[in-house]
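The file target37.cif contains mmCIF, C-alpha atoms:
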```
data_input
#
loop_
_atom_site.label_atom_id
_atom_site.label_comp_id
_atom_site.auth_asym_id
_atom_site.auth_seq_id
_atom_site.Cartn_x
_atom_site.Cartn_y
_atom_site.Cartn_z
CA MET O 279 -4.52 -85.08 -11.80
CA VAL O 280 -1.85 -84.19 -14.37
CA ASP O 281 -4.54 -84.12 -17.07
CA THR O 282 -5.67 -80.72 -15.78
CA THR O 283 -2.22 -79.17 -15.28
CA ASP O 284 0.15 -77.22 -17.48
CA PHE O 285 3.16 -78.56 -15.59
CA THR O 286 3.80 -80.69 -12.52
CA ILE O 287 5.97 -80.24 -9.45
CA ALA O 288 6.80 -83.54 -7.75
CA TYR O 289 8.31 -83.62 -4.25
CA CYS O 290 10.12 -86.96 -4.03
CA PRO O 291 12.34 -87.63 -1.01
CA THR O 292 14.17 -90.90 -1.55
CA SER O 293 12.93 -92.15 1.83
CA VAL O 294 9.35 -92.45 0.51
CA TYR O 295 8.23 -95.26 -1.77
CA SER O 296 6.28 -93.50 -4.50
CA VAL O 297 4.88 -95.65 -7.30
CA GLY O 298 1.87 -93.35 -7.78
CA THR O 299 4.16 -90.35 -8.24
CA VAL O 300 6.15 -92.19 -10.89
CA HIS O 301 2.89 -93.00 -12.68
CA GLU O 302 1.78 -89.35 -12.63
CA ILE O 303 5.18 -88.23 -13.94
CA VAL O 304 4.96 -90.73 -16.79
CA MET O 305 1.44 -89.53 -17.61
CA ALA O 306 2.60 -85.89 -17.65
CA ARG O 307 5.53 -86.70 -19.92
CA LEU O 308 3.25 -88.67 -22.28
CA GLN O 309 1.23 -85.45 -22.55
CA TYR O 310 4.47 -83.48 -23.24
CA LYS O 311 4.10 -81.51 -20.03
CA PRO O 312 7.13 -80.40 -18.03
CA VAL O 313 7.73 -82.09 -14.70
CA LEU O 314 9.90 -80.39 -12.09
CA LEU O 315 11.21 -82.80 -9.48
CA VAL O 316 12.39 -81.77 -6.03
CA SER O 317 14.54 -84.43 -4.36
CA PRO O 318 15.52 -83.03 -0.95
CA PRO O 319 18.30 -84.24 1.30
CA VAL O 320 17.23 -87.15 3.50
CA VAL O 321 18.72 -87.70 6.94
CA PHE O 322 17.65 -89.61 10.02
CA PRO O 323 18.96 -87.71 13.07
CA ALA O 324 16.98 -89.85 15.55
CA LEU O 325 18.52 -92.97 14.00
CA ASP O 326 21.99 -91.48 14.37
CA GLU O 327 21.26 -90.59 18.00
CA LEU O 328 19.99 -94.10 18.70
CA ARG O 329 23.09 -95.68 17.15
CA GLU O 330 25.34 -93.41 19.25
CA TYR O 331 23.33 -94.27 22.37
CA LEU O 332 23.70 -98.00 21.72
CA ASP O 333 27.42 -97.60 20.98
CA GLN O 334 27.93 -95.86 24.33
CA ARG O 335 26.09 -98.67 26.13
CA GLN O 336 27.93 -101.33 24.09
CA ASP O 337 24.65 -103.16 23.60
CA GLU O 338 25.58 -105.53 20.76
CA ALA O 339 22.19 -107.25 20.63
CA ALA O 340 20.36 -103.93 20.26
CA LYS O 341 22.86 -102.72 17.63
CA HIS O 342 22.26 -105.92 15.64
CA LEU O 343 18.49 -105.38 15.85
CA LEU O 344 18.91 -101.78 14.76
CA ASP O 345 21.03 -102.82 11.76
CA SER O 346 18.34 -105.34 10.79
CA LEU O 347 15.65 -102.68 11.07
CA ILE O 348 17.67 -100.27 8.91
CA GLU O 349 18.08 -102.94 6.23
CA GLN O 350 14.44 -104.07 6.32
CA ALA O 351 13.05 -100.53 6.26
CA SER O 352 15.55 -99.26 3.64
CA LEU O 353 16.60 -96.36 5.84
CA ARG O 354 19.33 -94.83 3.72
CA PRO O 355 20.45 -91.26 4.22
CA ASN O 356 20.80 -89.14 1.09
CA GLU O 357 22.39 -85.89 2.24
CA ARG O 358 22.97 -84.67 -1.33
CA GLY O 359 19.34 -85.21 -2.38
CA ILE O 360 20.28 -87.39 -5.35
CA PRO O 361 17.02 -88.40 -7.06
CA SER O 362 15.91 -92.01 -7.23
CA MET O 363 16.96 -93.84 -10.38
CA TRP O 364 13.25 -94.15 -11.23
CA TYR O 365 13.21 -90.51 -12.22
CA MET O 366 16.56 -90.20 -13.98
CA ALA O 367 15.29 -91.85 -17.17
CA LEU O 368 11.98 -89.96 -17.13
CA LEU O 369 13.16 -86.36 -16.90
CA ASP O 370 15.75 -84.04 -18.37
CA GLY O 371 18.57 -83.13 -16.00
CA GLU O 372 17.52 -79.47 -16.00
CA TYR O 373 14.29 -80.41 -14.20
CA PHE O 374 15.88 -81.74 -10.99
CA PHE O 375 16.04 -79.58 -7.87
CA ASP O 376 17.30 -80.23 -4.33
CA GLY O 377 14.93 -77.90 -2.51
CA PHE O 378 12.40 -75.11 -2.94
CA GLY O 379 14.31 -72.06 -1.67
CA PHE O 380 11.32 -70.60 0.21
CA CYS O 381 13.55 -68.57 2.55
CA ASP O 382 14.76 -66.36 -0.31
CA TYR O 383 11.15 -65.31 -0.98
CA ALA O 384 9.76 -65.30 2.57
CA LYS O 385 10.12 -61.60 3.24
CA GLU O 386 8.72 -60.60 -0.18
CA PHE O 387 5.58 -62.70 0.27
CA GLY O 388 5.23 -62.52 4.06
CA TRP O 389 5.79 -66.24 4.56
CA THR O 390 6.85 -67.70 7.88
CA THR O 391 9.97 -69.85 7.86
CA ASP O 392 9.30 -72.11 10.83
CA THR O 393 8.29 -75.36 9.13
CA LYS O 394 10.20 -78.63 9.07
CA MET O 395 10.93 -78.05 5.40
CA ASP O 396 12.42 -74.64 6.24
CA ASP O 397 14.53 -76.26 8.97
CA ARG O 398 15.82 -78.78 6.44
CA GLU O 399 16.69 -76.02 3.96
CA HIS O 400 18.51 -74.06 6.69
CA LYS O 401 20.60 -77.12 7.49
CA PHE O 402 21.03 -78.20 3.85
CA THR O 403 20.92 -75.02 1.79
CA PRO O 404 19.64 -75.95 -1.68
CA ARG O 405 22.29 -75.67 -4.36
CA ARG O 406 19.61 -75.82 -7.04
CA PRO O 407 16.35 -74.45 -5.59
CA LEU O 408 13.11 -74.61 -7.56
CA LEU O 409 11.58 -71.17 -6.84
CA PRO O 410 14.29 -69.09 -8.58
CA TYR O 411 13.84 -71.31 -11.65
CA LEU O 412 10.07 -70.66 -11.61
CA ASP O 413 10.72 -66.96 -11.06
CA ARG O 414 12.91 -66.85 -14.19
CA LEU O 415 10.14 -68.58 -16.17
CA ASN O 416 8.02 -65.44 -15.68
CA ARG O 417 10.54 -63.48 -17.74
CA LYS O 418 12.10 -65.88 -20.22
CA ILE O 419 11.45 -69.32 -21.67
CA PRO O 420 14.49 -71.49 -20.92
CA LYS O 421 16.71 -72.76 -23.71
CA ARG O 422 17.77 -76.32 -24.39
CA CYS O 423 20.51 -77.72 -26.56
CA ASP O 424 19.40 -79.07 -29.95
CA PHE O 425 22.20 -81.44 -30.85
CA GLY O 426 20.94 -81.76 -34.45
CA GLN O 427 21.33 -78.02 -35.01
CA ASP O 428 24.27 -77.76 -32.59
CA LYS O 429 22.77 -74.68 -30.92
CA GLU O 430 20.54 -73.51 -28.08
CA ILE O 431 16.83 -73.26 -28.94
CA GLU O 432 13.70 -72.42 -26.94
CA ASN O 433 12.63 -75.32 -24.77
CA ALA O 434 9.35 -76.48 -26.35
CA ASP O 435 8.18 -77.87 -22.98
CA TRP O 436 7.54 -74.28 -21.87
CA LEU O 437 5.72 -72.92 -24.92
CA ILE O 438 2.56 -72.98 -22.78
CA LEU O 439 3.88 -69.80 -21.18
CA ASN O 440 4.07 -66.32 -22.63
CA PRO O 441 6.83 -64.58 -20.64
CA ASN O 442 6.09 -61.26 -22.34
CA SER O 443 2.51 -61.11 -21.05
CA GLY O 444 3.66 -59.85 -17.65
CA ASP O 445 1.46 -62.26 -15.69
CA GLY O 446 3.39 -65.46 -16.50
CA SER O 447 0.55 -66.95 -18.51
#
```

Once more with this new file: its structure as structure tokens, please.
Amino acid sequence: MVDTTDFTIAYCPTSVYSVGTVHEIVMARLQYKPVLLVSPPVVFPALDELREYLDQRQDEAAKHLLDSLIEQASLRPNERGIPSMWYMALLDGEYFFDGFGFCDYAKEFGWTTDTKMDDREHKFTPRRPLLPYLDRLNRKIPKRCDFGQDKEIENADWLILNPNSGDGS
């Protein structure tokens, strides 16, 4: 699908195995298209509750089974939303985000904020939300450091946009 896009937004929680997403990101980068990656915090509250329940009951056999399940299913919390190492080599650091930041725009666009994603962002407020970044793209093409010239230059990834057109195209 990236063949028909100008840029790609990938939502990649570390709790989901995503080979197809990696492939699409590689394809987009081969076409010199920007990829914006959202890696949200990952927690397992039901798992924590179950562990606490088993601790209270001192059920060692069940705790052993739970530990085996956690290991076999790769259930690893990631409260900081650190992206999978798959993506670190594929994208520039400026293209990583830890949430969308929908709540900041909800009133302006009349969006409801009662989804599971909104609940997650209320509990783990994004430190680097995607939507403000996209909002800024409507006004100004971001800069990137050109180490050869030792200065900031326009980021060529975003030359598809004309921020002075008023409509973001």

Would you work out the distance separating CA of Phe322 (chain O) from CA of Tyr365 (chain O), expressed in Å to one decimal?
->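 According to the coordinates, CA of Phe322 (chain O) and CA of Tyr365 (chain O) are separated by 22.7 Å.
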
Here CA of Gly388 (chain O) and CA of Lys401 (chain O) stand apart by 21.5 Å

For region 362-373 of chain O, what centre and edge lengths in Å (one decimal) does the axis-aligned box get once 8 Å is added on each side of all its listed atoms, as lines of an AutoDock Vina configuration file?
```
center_x = 15.3
center_y = -86.8
center_z = -12.8
size_x = 22.6
size_y = 30.7
size_z = 27.1
```

Applied to this file, what does the PyMOL selection byres ((chain O and resi 279) around 12) return in terms of residues, put as a compact mmCIF listing (two decimals) with C-alpha atoms, in the coordinates of the input?
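Result saved to expr-v7.txt:
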```txt
# COMPACT_ATOMS: atom_id res chain seq x y z
CA VAL O 280 -1.85 -84.19 -14.37
CA ASP O 281 -4.54 -84.12 -17.07
CA THR O 282 -5.67 -80.72 -15.78
CA THR O 283 -2.22 -79.17 -15.28
CA ASP O 284 0.15 -77.22 -17.48
CA PHE O 285 3.16 -78.56 -15.59
CA THR O 286 3.80 -80.69 -12.52
CA ILE O 287 5.97 -80.24 -9.45
CA GLY O 298 1.87 -93.35 -7.78
CA THR O 299 4.16 -90.35 -8.24
CA HIS O 301 2.89 -93.00 -12.68
CA GLU O 302 1.78 -89.35 -12.63
CA ILE O 303 5.18 -88.23 -13.94
CA MET O 305 1.44 -89.53 -17.61
CA ALA O 306 2.60 -85.89 -17.65
```

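Nearest to Val320 (chain O) of all the residues O:Cys381, O:Leu415, O:Leu344, O:Met395 is O:Met395, based on all atoms listed in the file.
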
Of O:Arg335, O:Arg307, O:Arg422, O:Arg398, the one nearest to Glu357 (chain O) when counting only C-alpha atoms is O:Arg398

Picked residues, the PyMOL selection byres ((chain O and resi 406-413) around 7), as a list in words =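 In the shown coordinates, the PyMOL selection byres ((chain O and resi 406-413) around 7) covers Phe375, Asp376, Gly377, Phe378, Gly379, Pro404, Arg405, Arg414, Leu415 and Asn416 of chain O.
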
Can you pull out every residue within 12 Å of Ser352 (chain O), counting only C-alpha atoms, but drop anything in the same chain fewer than 6 positions away, and send it as JSON, numbers by chain?
-> {"O": [292, 293, 294, 295, 322, 344, 345, 346]}

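Atom pair CA of Pro361 (chain O) / CA of Val300 (chain O) has a distance of 12.1 Å (rounded to one decimal).
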
Residues returned when the PyMOL selection byres ((chain O and resi 326) around 12) runs on this file, as a list of chain:residue names = O:Val321, O:Phe322, O:Pro323, O:Ala324, O:Leu325, O:Glu327, O:Leu328, O:Arg329, O:Glu330, O:Tyr331, O:Leu332, O:Asp333, O:Lys341, O:Leu344, O:Asp345, O:Ile348, O:Leu353, O:Arg354, O:Pro355

Given all atoms listed in the file as the counted atoms, nearest of O:Cys423, O:Ala367, O:Asp435, O:Pro291 to Gln309 (chain O) = O:Asp435

Option closest in space to Leu314 (chain O), from O:Tyr373, O:Tyr289, O:Phe402, O:Trp364 [counting all atoms listed in the file] =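 For Leu314 (chain O), the nearest of the given residues is O:Tyr373.
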
Some atoms are missing, so please complete region 317-328 of chain O with all heavy atoms and return it as a PDB file, in the coordinates of the input.
```
ATOM      1  N   SER O 317      14.040 -83.296  -5.131  1.00  0.00           N
ATOM      2  CA  SER O 317      14.540 -84.430  -4.360  1.00  0.00           C
ATOM      3  C   SER O 317      15.396 -83.853  -3.227  1.00  0.00           C
ATOM      4  O   SER O 317      16.566 -83.542  -3.425  1.00  0.00           O
ATOM      5  CB  SER O 317      15.368 -85.352  -5.257  1.00  0.00           C
ATOM      6  OG  SER O 317      15.858 -86.447  -4.520  1.00  0.00           O
ATOM      7  N   PRO O 318      14.809 -83.684  -2.041  1.00  0.00           N
ATOM      8  CA  PRO O 318      15.520 -83.030  -0.950  1.00  0.00           C
ATOM      9  C   PRO O 318      16.513 -83.968  -0.271  1.00  0.00           C
ATOM     10  O   PRO O 318      16.428 -85.191  -0.418  1.00  0.00           O
ATOM     11  CB  PRO O 318      14.393 -82.672   0.017  1.00  0.00           C
ATOM     12  CG  PRO O 318      13.439 -83.807  -0.150  1.00  0.00           C
ATOM     13  CD  PRO O 318      13.474 -84.122  -1.628  1.00  0.00           C
ATOM     14  N   PRO O 319      17.438 -83.398   0.478  1.00  0.00           N
ATOM     15  CA  PRO O 319      18.300 -84.240   1.300  1.00  0.00           C
ATOM     16  C   PRO O 319      17.474 -85.057   2.289  1.00  0.00           C
ATOM     17  O   PRO O 319      16.443 -84.583   2.777  1.00  0.00           O
ATOM     18  CB  PRO O 319      19.188 -83.245   2.046  1.00  0.00           C
ATOM     19  CG  PRO O 319      19.126 -81.999   1.234  1.00  0.00           C
ATOM     20  CD  PRO O 319      17.778 -81.987   0.594  1.00  0.00           C
ATOM     21  N   VAL O 320      17.912 -86.271   2.551  1.00  0.00           N
ATOM     22  CA  VAL O 320      17.230 -87.150   3.500  1.00  0.00           C
ATOM     23  C   VAL O 320      18.232 -87.562   4.569  1.00  0.00           C
ATOM     24  O   VAL O 320      19.302 -88.087   4.258  1.00  0.00           O
ATOM     25  CB  VAL O 320      16.669 -88.408   2.785  1.00  0.00           C
ATOM     26  CG1 VAL O 320      16.108 -89.396   3.801  1.00  0.00           C
ATOM     27  CG2 VAL O 320      15.621 -88.024   1.758  1.00  0.00           C
ATOM     28  N   VAL O 321      17.880 -87.285   5.809  1.00  0.00           N
ATOM     29  CA  VAL O 321      18.720 -87.700   6.940  1.00  0.00           C
ATOM     30  C   VAL O 321      17.802 -88.253   8.026  1.00  0.00           C
ATOM     31  O   VAL O 321      16.597 -88.000   8.036  1.00  0.00           O
ATOM     32  CB  VAL O 321      19.558 -86.524   7.499  1.00  0.00           C
ATOM     33  CG1 VAL O 321      20.608 -86.083   6.492  1.00  0.00           C
ATOM     34  CG2 VAL O 321      18.695 -85.355   7.901  1.00  0.00           C
ATOM     35  N   PHE O 322      18.389 -88.998   8.924  1.00  0.00           N
ATOM     36  CA  PHE O 322      17.650 -89.610  10.020  1.00  0.00           C
ATOM     37  C   PHE O 322      18.366 -89.301  11.334  1.00  0.00           C
ATOM     38  O   PHE O 322      19.057 -90.153  11.888  1.00  0.00           O
ATOM     39  CB  PHE O 322      17.537 -91.120   9.813  1.00  0.00           C
ATOM     40  CG  PHE O 322      16.869 -91.507   8.526  1.00  0.00           C
ATOM     41  CD1 PHE O 322      17.622 -91.896   7.433  1.00  0.00           C
ATOM     42  CD2 PHE O 322      15.490 -91.469   8.403  1.00  0.00           C
ATOM     43  CE1 PHE O 322      17.012 -92.253   6.233  1.00  0.00           C
ATOM     44  CE2 PHE O 322      14.869 -91.820   7.215  1.00  0.00           C
ATOM     45  CZ  PHE O 322      15.633 -92.211   6.128  1.00  0.00           C
ATOM     46  N   PRO O 323      18.220 -88.080  11.856  1.00  0.00           N
ATOM     47  CA  PRO O 323      18.960 -87.710  13.070  1.00  0.00           C
ATOM     48  C   PRO O 323      18.616 -88.589  14.269  1.00  0.00           C
ATOM     49  O   PRO O 323      19.497 -88.919  15.063  1.00  0.00           O
ATOM     50  CB  PRO O 323      18.594 -86.251  13.314  1.00  0.00           C
ATOM     51  CG  PRO O 323      17.520 -85.907  12.359  1.00  0.00           C
ATOM     52  CD  PRO O 323      17.433 -86.984  11.337  1.00  0.00           C
ATOM     53  N   ALA O 324      17.357 -88.996  14.414  1.00  0.00           N
ATOM     54  CA  ALA O 324      16.980 -89.850  15.550  1.00  0.00           C
ATOM     55  C   ALA O 324      17.674 -91.202  15.435  1.00  0.00           C
ATOM     56  O   ALA O 324      18.092 -91.793  16.443  1.00  0.00           O
ATOM     57  CB  ALA O 324      15.469 -90.017  15.620  1.00  0.00           C
ATOM     58  N   LEU O 325      17.826 -91.699  14.226  1.00  0.00           N
ATOM     59  CA  LEU O 325      18.520 -92.970  14.000  1.00  0.00           C
ATOM     60  C   LEU O 325      19.994 -92.842  14.391  1.00  0.00           C
ATOM     61  O   LEU O 325      20.552 -93.724  15.040  1.00  0.00           O
ATOM     62  CB  LEU O 325      18.376 -93.374  12.535  1.00  0.00           C
ATOM     63  CG  LEU O 325      18.933 -94.714  12.129  1.00  0.00           C
ATOM     64  CD1 LEU O 325      18.192 -95.843  12.832  1.00  0.00           C
ATOM     65  CD2 LEU O 325      18.804 -94.881  10.621  1.00  0.00           C
ATOM     66  N   ASP O 326      20.594 -91.726  14.005  1.00  0.00           N
ATOM     67  CA  ASP O 326      21.990 -91.480  14.370  1.00  0.00           C
ATOM     68  C   ASP O 326      22.155 -91.389  15.887  1.00  0.00           C
ATOM     69  O   ASP O 326      23.112 -91.932  16.455  1.00  0.00           O
ATOM     70  CB  ASP O 326      22.507 -90.205  13.709  1.00  0.00           C
ATOM     71  CG  ASP O 326      22.522 -90.306  12.187  1.00  0.00           C
ATOM     72  OD1 ASP O 326      22.593 -91.438  11.654  1.00  0.00           O
ATOM     73  OD2 ASP O 326      22.462 -89.246  11.533  1.00  0.00           O
ATOM     74  N   GLU O 327      21.215 -90.710  16.535  1.00  0.00           N
ATOM     75  CA  GLU O 327      21.260 -90.590  18.000  1.00  0.00           C
ATOM     76  C   GLU O 327      21.105 -91.954  18.666  1.00  0.00           C
ATOM     77  O   GLU O 327      21.798 -92.262  19.644  1.00  0.00           O
ATOM     78  CB  GLU O 327      20.172 -89.647  18.498  1.00  0.00           C
ATOM     79  CG  GLU O 327      20.410 -88.195  18.173  1.00  0.00           C
ATOM     80  CD  GLU O 327      19.243 -87.309  18.588  1.00  0.00           C
ATOM     81  OE1 GLU O 327      18.615 -87.606  19.633  1.00  0.00           O
ATOM     82  OE2 GLU O 327      18.968 -86.338  17.864  1.00  0.00           O
ATOM     83  N   LEU O 328      20.194 -92.774  18.134  1.00  0.00           N
ATOM     84  CA  LEU O 328      19.990 -94.100  18.700  1.00  0.00           C
ATOM     85  C   LEU O 328      21.240 -94.960  18.546  1.00  0.00           C
ATOM     86  O   LEU O 328      21.646 -95.655  19.476  1.00  0.00           O
ATOM     87  CB  LEU O 328      18.788 -94.786  18.045  1.00  0.00           C
ATOM     88  CG  LEU O 328      18.470 -96.204  18.521  1.00  0.00           C
ATOM     89  CD1 LEU O 328      18.254 -96.246  20.036  1.00  0.00           C
ATOM     90  CD2 LEU O 328      17.258 -96.740  17.774  1.00  0.00           C
TER      91      LEU O 328
END
```
